[in-house]
Amino acid sequence: MVYYEKGSRDYAFGGEELKEAVFAAFDRLGRRKKVLAIPPDFTRYHSRAGELMRYAYAYYGDSLTDILPALGTHFPMTDAEIGRMFPGVPRTLFRVHNWREDVVTVGRAPGEYVKEISGGAVDYDWPAQVNRLLVEGGYDLILSLGQVVPHEVIGMASYNKNIFVGTGGAEGINKSHFVGAAYGMERIMGRTETPVRRLLNYASEHFTAHLPVVYLQTVVSQGGDGLQMRGLFIGDDCECFEKAARLSLEVNFRMLDREMKKVVVYLDPEEFRSTWLGNKSIYRTRMAIADGGELIVLAPGLHRFGEDPTIDRLIRKYGYVCTPQVLDCVRRNADLRDSLGVAAHLIHGTSEGRFKITYCPGNLTRGEIEGVGFGYADLNTMTAVYNPEKLTDGWNTVGGEEIYYISNPALGLWSYRERFN
């Protein structure tokens, strides 16, 4: 059921209107005795989910007993991040999801089904895993808050990804990510019907239909009027997600009539501190970059590769190499075979030799960057040439050279029209 829907390409939600919309949806749900909220973490700061979380706390008060940020494989939020993203919400309500320890398996999708939906790319079974709070906490309402936006693993982010990945376990996350990578990222991005989404929908239908989950989904874009929330969709089923996804494709997908030869992407240091997240600069632009082109990534906050020590070690060991090499490493090495999410990430982080990727990190050395297969350039030198304070999103001319500038890769997807089919 859809409890609330509003939005369009040119709409912009104001704060008071957003609060009234959330309260109206909660009025339809009725009062609840014990509520769990699952918002995104700080890496989704621009989603406006922090604002939604504050309104949920204002509405439910003491009935809101637990807040479990959907960390997935990410580092736990710091107190400073919680204070900035969720001002006024008591710190004592926040719980930390441990994707290696705090999960239960609620069911398994059979290997025959996984093989069918992946077009034969993989044939293992898949465990639907969630944080044990969801099934053992005795909640009569679970609020899942997030932003619908094009995504490299699942096609479009949010909806039940927040549950089965955001609060999921190691096996479930690793295997689902590898399904997407093996099937082909460029066949997935910007689409609602994908193998990974079908997996999660299977789990929602067969294993968690009894859980009282309601989704609050935003659509946010960067345009001429700045960063704006274009839509809000609240409901408990796939219809609500699909409505949000249609709007997201309108406002977040940039379909270009010509290829980019040089792309400069800026990574906000408060949001992007690892290549695990910063490689959105690669994922979201790869369908628009010309063969022989270059992607320059200005990354002042970059100081690690993985969001987890084990993941960081594996990225350093194997590097961002072409897909056949990654698949060969999976076959020959148990550590990577046991961490298929990392293998998927390595595949996502390569240009397959089509274009050059140059990272300009704030806190990693040339040796570290080149050691994982990227090109390196000095951040200060490159920032002096491509100054984010002087560039505007889209086409720019710098020193007589045409470039395409992106201030936040997490907010969109870019493709050359003839490459998207």
# chains A, B, ... in the order shown; residues from 1 in each chain; ligands from 1
$ select_by_dssp --residues "range 294-342 of chain A" --states "alpha helix (DSSP H)" --output "list in words"
Pro309, Thr310, Ile311, Asp312, Arg313, Leu314, Ile315, Arg316, Lys317, Tyr318, Thr323, Pro324, Gln325, Val326, Leu327, Asp328, Cys329, Val330, Arg331, Arg332, Ala334, Asp335, Leu336, Arg337, Leu340, Gly341 and Val342 of chain A
$ write_last_selection --atoms "N, CA, C and O atoms" --output "mmCIF file, in the first residue's frame"
data_model
loop_
_atom_site.group_PDB
_atom_site.id
_atom_site.type_symbol
_atom_site.label_atom_id
_atom_site.label_comp_id
_atom_site.auth_asym_id
_atom_site.auth_seq_id
_atom_site.Cartn_x
_atom_site.Cartn_y
_atom_site.Cartn_z
ATOM 1 N N PRO A 309 38.680 -3.605 7.742
ATOM 2 C CA PRO A 309 40.102 -3.971 7.626
ATOM 3 C C PRO A 309 40.357 -5.158 6.707
ATOM 4 O O PRO A 309 41.325 -5.164 5.937
ATOM 5 N N THR A 310 39.496 -6.172 6.767
ATOM 6 C CA THR A 310 39.676 -7.343 5.904
ATOM 7 C C THR A 310 39.494 -6.964 4.443
ATOM 8 O O THR A 310 40.273 -7.371 3.567
ATOM 9 N N ILE A 311 38.458 -6.174 4.161
ATOM 10 C CA ILE A 311 38.212 -5.733 2.791
ATOM 11 C C ILE A 311 39.367 -4.879 2.287
ATOM 12 O O ILE A 311 39.822 -5.029 1.156
ATOM 13 N N ASP A 312 39.854 -3.983 3.126
ATOM 14 C CA ASP A 312 40.969 -3.116 2.741
ATOM 15 C C ASP A 312 42.191 -3.951 2.358
ATOM 16 O O ASP A 312 42.848 -3.687 1.352
ATOM 17 N N ARG A 313 42.463 -4.981 3.146
ATOM 18 C CA ARG A 313 43.621 -5.845 2.870
ATOM 19 C C ARG A 313 43.467 -6.564 1.530
ATOM 20 O O ARG A 313 44.416 -6.650 0.744
ATOM 21 N N LEU A 314 42.267 -7.049 1.253
ATOM 22 C CA LEU A 314 42.044 -7.781 0.005
ATOM 23 C C LEU A 314 42.145 -6.865 -1.211
ATOM 24 O O LEU A 314 42.676 -7.260 -2.258
ATOM 25 N N ILE A 315 41.648 -5.636 -1.093
ATOM 26 C CA ILE A 315 41.774 -4.690 -2.211
ATOM 27 C C ILE A 315 43.242 -4.397 -2.487
ATOM 28 O O ILE A 315 43.679 -4.368 -3.644
ATOM 29 N N ARG A 316 44.007 -4.189 -1.430
ATOM 30 C CA ARG A 316 45.439 -3.931 -1.605
ATOM 31 C C ARG A 316 46.145 -5.131 -2.222
ATOM 32 O O ARG A 316 47.082 -4.989 -3.011
ATOM 33 N N LYS A 317 45.707 -6.326 -1.877
ATOM 34 C CA LYS A 317 46.356 -7.547 -2.364
ATOM 35 C C LYS A 317 46.092 -7.776 -3.843
ATOM 36 O O LYS A 317 47.014 -8.082 -4.608
ATOM 37 N N TYR A 318 44.835 -7.636 -4.270
ATOM 38 C CA TYR A 318 44.468 -8.014 -5.641
ATOM 39 C C TYR A 318 44.362 -6.836 -6.603
ATOM 40 O O TYR A 318 44.603 -6.985 -7.796
ATOM 41 N N THR A 323 38.081 -7.706 -15.384
ATOM 42 C CA THR A 323 37.190 -8.773 -14.924
ATOM 43 C C THR A 323 37.771 -10.170 -15.086
ATOM 44 O O THR A 323 37.698 -10.974 -14.144
ATOM 45 N N PRO A 324 38.333 -10.553 -16.234
ATOM 46 C CA PRO A 324 38.881 -11.911 -16.345
ATOM 47 C C PRO A 324 39.938 -12.221 -15.283
ATOM 48 O O PRO A 324 39.999 -13.351 -14.782
ATOM 49 N N GLN A 325 40.747 -11.217 -14.928
ATOM 50 C CA GLN A 325 41.757 -11.423 -13.901
ATOM 51 C C GLN A 325 41.109 -11.613 -12.527
ATOM 52 O O GLN A 325 41.556 -12.448 -11.739
ATOM 53 N N VAL A 326 40.071 -10.841 -12.238
ATOM 54 C CA VAL A 326 39.368 -10.997 -10.966
ATOM 55 C C VAL A 326 38.759 -12.394 -10.876
ATOM 56 O O VAL A 326 38.894 -13.089 -9.851
ATOM 57 N N LEU A 327 38.102 -12.824 -11.927
ATOM 58 C CA LEU A 327 37.462 -14.149 -11.910
ATOM 59 C C LEU A 327 38.505 -15.254 -11.754
ATOM 60 O O LEU A 327 38.266 -16.252 -11.065
ATOM 61 N N ASP A 328 39.663 -15.068 -12.360
ATOM 62 C CA ASP A 328 40.743 -16.045 -12.208
ATOM 63 C C ASP A 328 41.249 -16.067 -10.771
ATOM 64 O O ASP A 328 41.517 -17.140 -10.205
ATOM 65 N N CYS A 329 41.361 -14.887 -10.155
ATOM 66 C CA CYS A 329 41.793 -14.813 -8.756
ATOM 67 C C CYS A 329 40.777 -15.475 -7.831
ATOM 68 O O CYS A 329 41.145 -16.119 -6.845
ATOM 69 N N VAL A 330 39.491 -15.336 -8.149
ATOM 70 C CA VAL A 330 38.448 -15.993 -7.360
ATOM 71 C C VAL A 330 38.607 -17.505 -7.441
ATOM 72 O O VAL A 330 38.499 -18.221 -6.426
ATOM 73 N N ARG A 331 38.874 -18.010 -8.626
ATOM 74 C CA ARG A 331 39.035 -19.460 -8.800
ATOM 75 C C ARG A 331 40.239 -19.996 -8.044
ATOM 76 O O ARG A 331 40.208 -21.107 -7.495
ATOM 77 N N ARG A 332 41.314 -19.202 -8.005
ATOM 78 C CA ARG A 332 42.575 -19.709 -7.470
ATOM 79 C C ARG A 332 42.821 -19.372 -6.002
ATOM 80 O O ARG A 332 43.749 -19.921 -5.398
ATOM 81 N N ALA A 334 41.280 -18.797 -2.057
ATOM 82 C CA ALA A 334 40.169 -19.011 -1.125
ATOM 83 C C ALA A 334 39.753 -17.718 -0.438
ATOM 84 O O ALA A 334 38.557 -17.515 -0.175
ATOM 85 N N ASP A 335 40.710 -16.828 -0.126
ATOM 86 C CA ASP A 335 40.342 -15.616 0.606
ATOM 87 C C ASP A 335 39.410 -14.729 -0.218
ATOM 88 O O ASP A 335 38.458 -14.150 0.309
ATOM 89 N N LEU A 336 39.642 -14.659 -1.522
ATOM 90 C CA LEU A 336 38.762 -13.851 -2.372
ATOM 91 C C LEU A 336 37.470 -14.605 -2.676
ATOM 92 O O LEU A 336 36.394 -14.004 -2.759
ATOM 93 N N ARG A 337 37.563 -15.908 -2.795
ATOM 94 C CA ARG A 337 36.372 -16.733 -3.021
ATOM 95 C C ARG A 337 35.419 -16.644 -1.836
ATOM 96 O O ARG A 337 34.200 -16.727 -1.992
ATOM 97 N N LEU A 340 33.201 -12.659 -1.842
ATOM 98 C CA LEU A 340 32.760 -12.356 -3.199
ATOM 99 C C LEU A 340 32.316 -10.906 -3.365
ATOM 100 O O LEU A 340 32.325 -10.368 -4.472
ATOM 101 N N GLY A 341 31.916 -10.264 -2.255
ATOM 102 C CA GLY A 341 31.579 -8.848 -2.333
ATOM 103 C C GLY A 341 32.778 -8.012 -2.733
ATOM 104 O O GLY A 341 32.652 -7.032 -3.472
ATOM 105 N N VAL A 342 33.959 -8.400 -2.244
ATOM 106 C CA VAL A 342 35.185 -7.696 -2.638
ATOM 107 C C VAL A 342 35.475 -7.959 -4.107
ATOM 108 O O VAL A 342 35.833 -7.041 -4.860
#
$ residues_around --residues "range 85-88 of chain A" --least-positions-apart "4" --cutoff "7 Å" --atoms "only C-alpha atoms" --output "PyMOL selection string"
chain A and resi 42+45+50+53-54+81
$ write_last_selection --atoms "all heavy atoms" --output "compact mmCIF listing (two decimals), in the first residue's frame"
# COMPACT_ATOMS: atom_id res chain seq x y z
N PHE A 42 26.03 7.91 7.30
CA PHE A 42 26.47 9.25 6.90
C PHE A 42 26.87 9.31 5.43
O PHE A 42 26.89 10.40 4.84
CB PHE A 42 27.65 9.69 7.78
CG PHE A 42 27.91 11.18 7.72
CD1 PHE A 42 27.10 12.05 8.42
CD2 PHE A 42 28.95 11.68 6.96
CE1 PHE A 42 27.33 13.43 8.36
CE2 PHE A 42 29.19 13.05 6.90
CZ PHE A 42 28.37 13.92 7.60
N TYR A 45 24.30 11.14 3.49
CA TYR A 45 23.91 12.36 4.20
C TYR A 45 22.94 13.21 3.39
O TYR A 45 22.00 13.81 3.93
CB TYR A 45 25.17 13.17 4.54
CG TYR A 45 24.87 14.50 5.19
CD1 TYR A 45 24.55 14.56 6.55
CD2 TYR A 45 24.92 15.68 4.46
CE1 TYR A 45 24.28 15.78 7.16
CE2 TYR A 45 24.65 16.90 5.05
CZ TYR A 45 24.33 16.95 6.40
OH TYR A 45 24.04 18.15 6.99
N GLY A 50 18.02 11.95 7.24
CA GLY A 50 18.24 12.44 8.59
C GLY A 50 17.07 13.29 9.05
O GLY A 50 16.64 13.21 10.21
N MET A 53 14.19 11.07 9.81
CA MET A 53 14.42 10.40 11.09
C MET A 53 14.02 11.30 12.26
O MET A 53 13.42 10.86 13.24
CB MET A 53 15.90 10.01 11.19
CG MET A 53 16.29 9.18 12.41
SD MET A 53 15.59 7.53 12.39
CE MET A 53 14.28 7.73 13.59
N ARG A 54 14.34 12.57 12.15
CA ARG A 54 13.97 13.51 13.21
C ARG A 54 12.45 13.61 13.34
O ARG A 54 11.91 13.68 14.45
CB ARG A 54 14.57 14.89 12.92
CG ARG A 54 16.08 14.90 12.87
CD ARG A 54 16.66 16.29 13.10
NE ARG A 54 16.09 17.30 12.22
CZ ARG A 54 16.55 17.59 11.02
NH1 ARG A 54 17.56 16.90 10.51
NH2 ARG A 54 16.00 18.55 10.30
N GLU A 81 29.15 12.32 13.43
CA GLU A 81 28.30 12.09 12.27
C GLU A 81 26.84 11.95 12.66
O GLU A 81 25.94 12.49 12.01
CB GLU A 81 28.77 10.83 11.53
CG GLU A 81 30.09 11.02 10.81
CD GLU A 81 30.64 9.72 10.24
OE1 GLU A 81 30.21 8.64 10.70
OE2 GLU A 81 31.50 9.78 9.34
$ residues_around --residues "Gly138 in chain A" --least-positions-apart "3" --cutoff "9 Å" --atoms "only C-alpha atoms" --output "list in words"
Lys34, Val35, Leu133, Leu134 and Val135 of chain A
$ atom_distance --atom1 "CA of His303 in chain A" --atom2 "CA of Arg354 in chain A"
26.2 Å
$ residues_around --residues "Leu379 in chain A" --least-positions-apart "6" --cutoff "12 Å" --atoms "only C-alpha atoms" --output "list in words"
Tyr266, Leu267, Ile296, Val297, Leu298, Ala299, Pro300, Gly301, Leu302, Thr358, Tyr359, Cys360, Pro361, Gly362, Asn363, Leu364, Thr365, Arg366, Val385, Tyr386, Asn387 and Pro388 of chain A
$ closest_residue --among "A:Ser248, A:Ser144, A:Ser274, A:Thr194" --to "Leu211 in chain A" --atoms "only C-alpha atoms"
A:Ser144
$ closest_atom_pairs --of "range 242-361 of chain A" --to "range 394-405 of chain A" --cutoff "12 Å" --atoms "only C-alpha atoms" --output "Markdown table"
| residue | atom | partner | partner_atom | distance |
| --- | --- | --- | --- | --- |
| A:Arg254 | CA | A:Gly394 | CA | 9.8 |
| A:Met255 | CA | A:Gly394 | CA | 11.8 |
| A:Leu256 | CA | A:Gly394 | CA | 10.4 |
| A:Arg258 | CA | A:Tyr404 | CA | 11.2 |
| A:Glu259 | CA | A:Tyr404 | CA | 9.8 |
| A:Met260 | CA | A:Tyr404 | CA | 6.6 |
| A:Lys261 | CA | A:Ile403 | CA | 7.2 |
| A:Lys262 | CA | A:Ile403 | CA | 5.1 |
| A:Val263 | CA | A:Tyr404 | CA | 4.8 |
| A:Val264 | CA | A:Tyr405 | CA | 4.9 |
| A:Val265 | CA | A:Tyr405 | CA | 5.9 |
| A:Tyr266 | CA | A:Tyr405 | CA | 8.0 |
| A:Leu267 | CA | A:Tyr405 | CA | 11.5 |
| A:Ser281 | CA | A:Tyr405 | CA | 10.9 |
| A:Thr285 | CA | A:Tyr404 | CA | 10.3 |
| A:Ala288 | CA | A:Tyr404 | CA | 10.3 |
| A:Ile289 | CA | A:Tyr404 | CA | 9.9 |
| A:Ala290 | CA | A:Tyr404 | CA | 12.0 |
| A:Gly293 | CA | A:Ile403 | CA | 10.6 |
| A:Glu294 | CA | A:Ile403 | CA | 9.8 |
| A:Leu295 | CA | A:Tyr404 | CA | 9.6 |
| A:Ile296 | CA | A:Tyr405 | CA | 9.6 |
| A:Val297 | CA | A:Tyr405 | CA | 10.2 |
| A:Leu298 | CA | A:Tyr405 | CA | 10.8 |
$ atom_distance --atom1 "CA of Gly119 in chain A" --atom2 "CA of Thr192 in chain A"
16.6 Å
$ select_by_dssp --residues "range 169-266 of chain A" --states "strand (DSSP E or B)" --output "VMD selection string"
chain A and resid 213 to 223 226 to 235 253 to 256 260 to 266
$ atom_distance --atom1 "CA of Ile142 in chain A" --atom2 "CA of Arg44 in chain A"
19.4 Å
$ closest_residue --among "A:Gly319, A:Gly72, A:Gly231, A:Gly353" --to "Ile369 in chain A" --atoms "only C-alpha atoms"
A:Gly319
$ residues_around --residues "Asp102 in chain A" --least-positions-apart "3" --cutoff "12 Å" --atoms "only C-alpha atoms" --output "list in words"
Leu68, Gly72, Arg95, Val96, His97, Asn98, Trp99, Thr105, Gln129, Val130, Asn131, Arg132, Leu133, Leu134, Val135, Glu136, Thr167, Gly168, Gly169 and Ala170 of chain A
$ closest_residue --among "A:Glu270, A:Glu152, A:Glu51, A:Asp140" --to "Lys33 in chain A" --atoms "only C-alpha atoms"
A:Asp140
$ closest_residue --among "A:Asp27, A:Pro269, A:Tyr376, A:Arg286" --to "Ser407 in chain A" --atoms "only C-alpha atoms"
A:Pro269
$ closest_residue --among "A:Gln222, A:Thr275, A:Ser339, A:Thr381" --to "Leu413 in chain A" --atoms "only C-alpha atoms"
A:Gln222
$ closest_residue --among "A:Asp125, A:Asp66, A:Asp41, A:Glu418" --to "Met287 in chain A" --atoms "only C-alpha atoms"
A:Glu418
$ residues_around --residues "Thr65 in chain A" --least-positions-apart "2" --cutoff "12 Å" --atoms "only C-alpha atoms" --output "number ranges by chain"
A: 32-38, 56-57, 60-63, 67-68, 89-95, 133, 137-143
$ decode --residues "range 91-104 of chain A" --atoms "all heavy atoms" --output "CSV table (one decimal), in the first residue's frame"
chain,number,residue,atom,x,y,z
A,91,ARG,N,21.3,10.1,21.3
A,91,ARG,CA,22.4,9.2,21.0
A,91,ARG,C,22.1,7.8,21.5
A,91,ARG,O,22.5,6.8,20.9
A,91,ARG,CB,23.7,9.8,21.5
A,91,ARG,CG,24.9,8.9,21.3
A,91,ARG,CD,25.2,8.8,19.8
A,91,ARG,NE,26.4,7.9,19.5
A,91,ARG,CZ,26.3,6.6,19.5
A,91,ARG,NH1,25.2,6.0,19.6
A,91,ARG,NH2,27.4,5.9,19.2
A,92,THR,N,21.4,7.7,22.6
A,92,THR,CA,21.2,6.4,23.3
A,92,THR,C,20.3,5.4,22.5
A,92,THR,O,20.3,4.2,22.7
A,92,THR,CB,20.6,6.6,24.7
A,92,THR,OG1,19.4,7.4,24.5
A,92,THR,CG2,21.5,7.3,25.6
A,93,LEU,N,19.6,6.0,21.5
A,93,LEU,CA,18.7,5.1,20.7
A,93,LEU,C,19.5,4.4,19.6
A,93,LEU,O,19.0,3.4,19.0
A,93,LEU,CB,17.6,6.0,20.0
A,93,LEU,CG,16.6,6.6,20.9
A,93,LEU,CD1,15.6,7.5,20.1
A,93,LEU,CD2,15.9,5.6,21.8
A,94,PHE,N,20.7,4.8,19.3
A,94,PHE,CA,21.4,4.2,18.1
A,94,PHE,C,22.1,2.9,18.4
A,94,PHE,O,22.8,2.8,19.5
A,94,PHE,CB,22.4,5.2,17.6
A,94,PHE,CG,21.8,6.4,16.9
A,94,PHE,CD1,21.3,7.5,17.6
A,94,PHE,CD2,21.6,6.4,15.5
A,94,PHE,CE1,20.7,8.5,16.9
A,94,PHE,CE2,21.0,7.4,14.8
A,94,PHE,CZ,20.5,8.5,15.5
A,95,ARG,N,21.9,1.9,17.5
A,95,ARG,CA,22.6,0.6,17.6
A,95,ARG,C,23.6,0.5,16.4
A,95,ARG,O,23.4,1.2,15.4
A,95,ARG,CB,21.6,-0.5,17.6
A,95,ARG,CG,20.3,-0.3,18.4
A,95,ARG,CD,20.6,-0.3,19.9
A,95,ARG,NE,19.5,0.1,20.7
A,95,ARG,CZ,19.4,1.1,21.6
A,95,ARG,NH1,20.5,1.8,21.8
A,95,ARG,NH2,18.4,1.4,22.3
A,96,VAL,N,24.6,-0.4,16.6
A,96,VAL,CA,25.6,-0.6,15.5
A,96,VAL,C,25.3,-2.0,14.9
A,96,VAL,O,25.3,-3.0,15.6
A,96,VAL,CB,27.0,-0.5,16.1
A,96,VAL,CG1,28.0,-0.8,15.0
A,96,VAL,CG2,27.2,0.9,16.6
A,97,HIS,N,25.2,-2.0,13.6
A,97,HIS,CA,25.0,-3.2,12.9
A,97,HIS,C,26.4,-3.8,12.6
A,97,HIS,O,27.2,-3.2,12.0
A,97,HIS,CB,24.3,-3.0,11.6
A,97,HIS,CG,24.3,-4.2,10.7
A,97,HIS,ND1,23.6,-5.4,11.1
A,97,HIS,CD2,24.8,-4.5,9.5
A,97,HIS,CE1,23.8,-6.3,10.1
A,97,HIS,NE2,24.5,-5.8,9.1
A,98,ASN,N,26.6,-5.1,13.1
A,98,ASN,CA,27.8,-5.8,12.8
A,98,ASN,C,27.5,-6.9,11.7
A,98,ASN,O,26.9,-7.9,12.0
A,98,ASN,CB,28.4,-6.5,14.0
A,98,ASN,CG,29.7,-7.2,13.8
A,98,ASN,OD1,30.0,-7.7,12.7
A,98,ASN,ND2,30.6,-7.2,14.8
A,99,TRP,N,27.9,-6.6,10.5
A,99,TRP,CA,27.5,-7.5,9.4
A,99,TRP,C,28.1,-8.9,9.5
A,99,TRP,O,27.7,-9.8,8.7
A,99,TRP,CB,27.8,-6.8,8.1
A,99,TRP,CG,29.3,-6.7,7.7
A,99,TRP,CD1,30.2,-6.0,8.4
A,99,TRP,CD2,29.9,-7.2,6.6
A,99,TRP,NE1,31.4,-6.1,7.8
A,99,TRP,CE2,31.3,-6.8,6.7
A,99,TRP,CE3,29.5,-8.0,5.5
A,99,TRP,CZ2,32.2,-7.2,5.7
A,99,TRP,CZ3,30.5,-8.4,4.6
A,99,TRP,CH2,31.8,-8.0,4.7
A,100,ARG,N,29.1,-9.1,10.3
A,100,ARG,CA,29.7,-10.4,10.5
A,100,ARG,C,29.2,-11.2,11.6
A,100,ARG,O,29.3,-12.4,11.7
A,100,ARG,CB,31.2,-10.2,10.6
A,100,ARG,CG,31.9,-9.6,9.4
A,100,ARG,CD,33.4,-9.7,9.5
A,100,ARG,NE,34.1,-8.9,8.5
A,100,ARG,CZ,34.4,-9.4,7.2
A,100,ARG,NH1,33.9,-10.6,6.9
A,100,ARG,NH2,35.0,-8.6,6.4
A,101,GLU,N,28.5,-10.5,12.6
A,101,GLU,CA,28.1,-11.2,13.8
A,101,GLU,C,26.6,-11.1,14.2
A,101,GLU,O,26.1,-12.0,14.7
A,101,GLU,CB,28.9,-10.6,15.0
A,101,GLU,CG,30.4,-10.7,14.8
A,101,GLU,CD,31.0,-12.1,14.9
A,101,GLU,OE1,30.2,-13.0,15.4
A,101,GLU,OE2,32.1,-12.4,14.4
A,102,ASP,N,26.0,-10.0,13.8
A,102,ASP,CA,24.7,-9.7,14.4
A,102,ASP,C,23.5,-10.1,13.5
A,102,ASP,O,22.4,-9.5,13.5
A,102,ASP,CB,24.5,-8.2,14.6
A,102,ASP,CG,25.5,-7.7,15.7
A,102,ASP,OD1,26.0,-8.5,16.4
A,102,ASP,OD2,25.7,-6.4,15.7
A,103,VAL,N,23.6,-11.2,12.7
A,103,VAL,CA,22.6,-11.5,11.7
A,103,VAL,C,22.0,-12.8,11.9
A,103,VAL,O,22.6,-13.7,12.5
A,103,VAL,CB,23.2,-11.4,10.3
A,103,VAL,CG1,23.6,-9.9,10.0
A,103,VAL,CG2,24.3,-12.4,10.0
A,104,VAL,N,20.8,-13.0,11.4
A,104,VAL,CA,20.1,-14.3,11.3
A,104,VAL,C,19.7,-14.5,9.9
A,104,VAL,O,19.4,-13.6,9.1
A,104,VAL,CB,18.9,-14.4,12.2
A,104,VAL,CG1,19.3,-14.3,13.7
A,104,VAL,CG2,17.9,-13.3,11.9
